[in-house]
Amino acid sequence: MEGRYELQLNINYLYLILSVLFQSFSFVFTKFAAIDIEQDSFFSLLVNRYYLTALLCLLIQSVFWQITLRKIDLSVAYPLTAVNNLLILIFSYCIFNEQVSLSNIIGVSIIMIGIAVQSKKSENT
């Protein structure tokens with residue numbers, strides 16, 4: 001019975017991971033949209049393929065988030081969404097060739113340490 005519980009717990013966290021990934025993907029696609037749009041108009045944004053893809057990612061993210069919240073406490077799930085900070089830093093560097101400073105790396109490292117401390121506290125209570 002314990003193995004089945006662990007598998008269910010792992011699947012629940014898979015939903016959380018997918019939610020975080022799709023939210024990160026939406027940020028990447030909105031950056032692509034910002035680069036792609038030539039005119040600053042509401043209509044050009046609404047018909048932009050990257051922006052529409054970002055909205056689709058957010059729709060998918062919201063479905064996974066709702067499933068996550070049915071299975072995992074909000075006080076546990078929400079802090080883990082801060083992993084987006086790390087993902088966006090990686091995507092910014094790898095996809096958009098943006099500069100990543102030492103302060104960016106230190107800041108994200110502090111956030112990751114905070115997540116680790118918070119999740120250990122949640123496990124113990």
# chains A, B, ... in the order shown; residues from 1 in each chain; ligands from 1
$ residues_around --residues "Leu52 (chain A)" --least-positions-apart "4" --cutoff "10 Å" --atoms "only C-alpha atoms" --output "PyMOL selection string"
chain A and resi 26+29-30+33+45-48+56-58
$ select_by_dssp --residues "region 31-97 of chain A" --states "alpha helix (DSSP H)" --output "VMD selection string"
chain A and resid 31 to 36 42 to 46 49 to 71 74 to 80 83 to 94
$ write_last_selection --atoms "C-alpha atoms" --output "tab-separated table (two decimals), in the first residue's frame"
chain	number	residue	atom	x	y	z
A	31	LYS	CA	9.10	37.54	-24.92
A	32	PHE	CA	9.06	36.13	-28.46
A	33	ALA	CA	5.83	38.10	-29.05
A	34	ALA	CA	7.43	41.28	-27.74
A	35	ILE	CA	10.34	40.81	-30.14
A	36	ASP	CA	8.07	39.90	-33.06
A	42	PHE	CA	-3.65	45.83	-29.04
A	43	PHE	CA	-4.81	44.11	-32.23
A	44	SER	CA	-1.29	43.22	-33.39
A	45	LEU	CA	-0.73	41.58	-30.01
A	46	LEU	CA	-3.96	39.58	-30.20
A	49	ARG	CA	1.27	33.67	-33.03
A	50	TYR	CA	3.68	33.82	-30.10
A	51	TYR	CA	1.21	35.67	-27.92
A	52	LEU	CA	-1.53	33.19	-28.79
A	53	THR	CA	0.84	30.34	-27.94
A	54	ALA	CA	1.58	32.02	-24.61
A	55	LEU	CA	-2.15	32.19	-23.88
A	56	LEU	CA	-2.50	28.50	-24.77
A	57	CYS	CA	0.37	27.70	-22.38
A	58	LEU	CA	-1.39	29.64	-19.62
A	59	LEU	CA	-4.63	27.78	-20.29
A	60	ILE	CA	-2.82	24.44	-20.01
A	61	GLN	CA	-0.96	25.69	-16.95
A	62	SER	CA	-4.20	26.63	-15.23
A	63	VAL	CA	-5.63	23.14	-15.80
A	64	PHE	CA	-2.54	21.51	-14.27
A	65	TRP	CA	-2.62	24.05	-11.42
A	66	GLN	CA	-6.24	23.19	-10.59
A	67	ILE	CA	-5.40	19.48	-10.55
A	68	THR	CA	-2.39	20.23	-8.36
A	69	LEU	CA	-4.48	22.18	-5.85
A	70	ARG	CA	-6.91	19.28	-5.53
A	71	LYS	CA	-4.02	17.01	-4.53
A	74	LEU	CA	-1.62	25.45	-1.46
A	75	SER	CA	0.91	26.22	1.28
A	76	VAL	CA	3.16	23.51	-0.21
A	77	ALA	CA	2.45	23.96	-3.92
A	78	TYR	CA	2.63	27.72	-4.29
A	79	PRO	CA	6.17	28.27	-2.94
A	80	LEU	CA	7.43	25.66	-5.40
A	83	VAL	CA	11.24	27.58	-9.50
A	84	ASN	CA	10.05	29.77	-12.40
A	85	ASN	CA	12.76	32.23	-11.37
A	86	LEU	CA	15.43	29.66	-12.13
A	87	LEU	CA	13.80	28.50	-15.36
A	88	ILE	CA	13.40	32.03	-16.68
A	89	LEU	CA	17.02	32.81	-15.89
A	90	ILE	CA	18.10	29.72	-17.84
A	91	PHE	CA	15.74	30.44	-20.75
A	92	SER	CA	16.83	34.08	-20.86
A	93	TYR	CA	20.44	33.06	-21.21
A	94	CYS	CA	20.02	30.05	-23.51
$ atom_distance --atom1 "CA of Tyr15 (chain A)" --atom2 "CA of Ile72 (chain A)"
9.8 Å
$ closest_residue --among "A:Gln23, A:Ala82, A:Asp40, A:Leu16" --to "Gly107 (chain A)" --atoms "only C-alpha atoms"
A:Ala82
$ atom_distance --atom1 "CA of Asn104 (chain A)" --atom2 "CA of Phe22 (chain A)"
22.2 Å
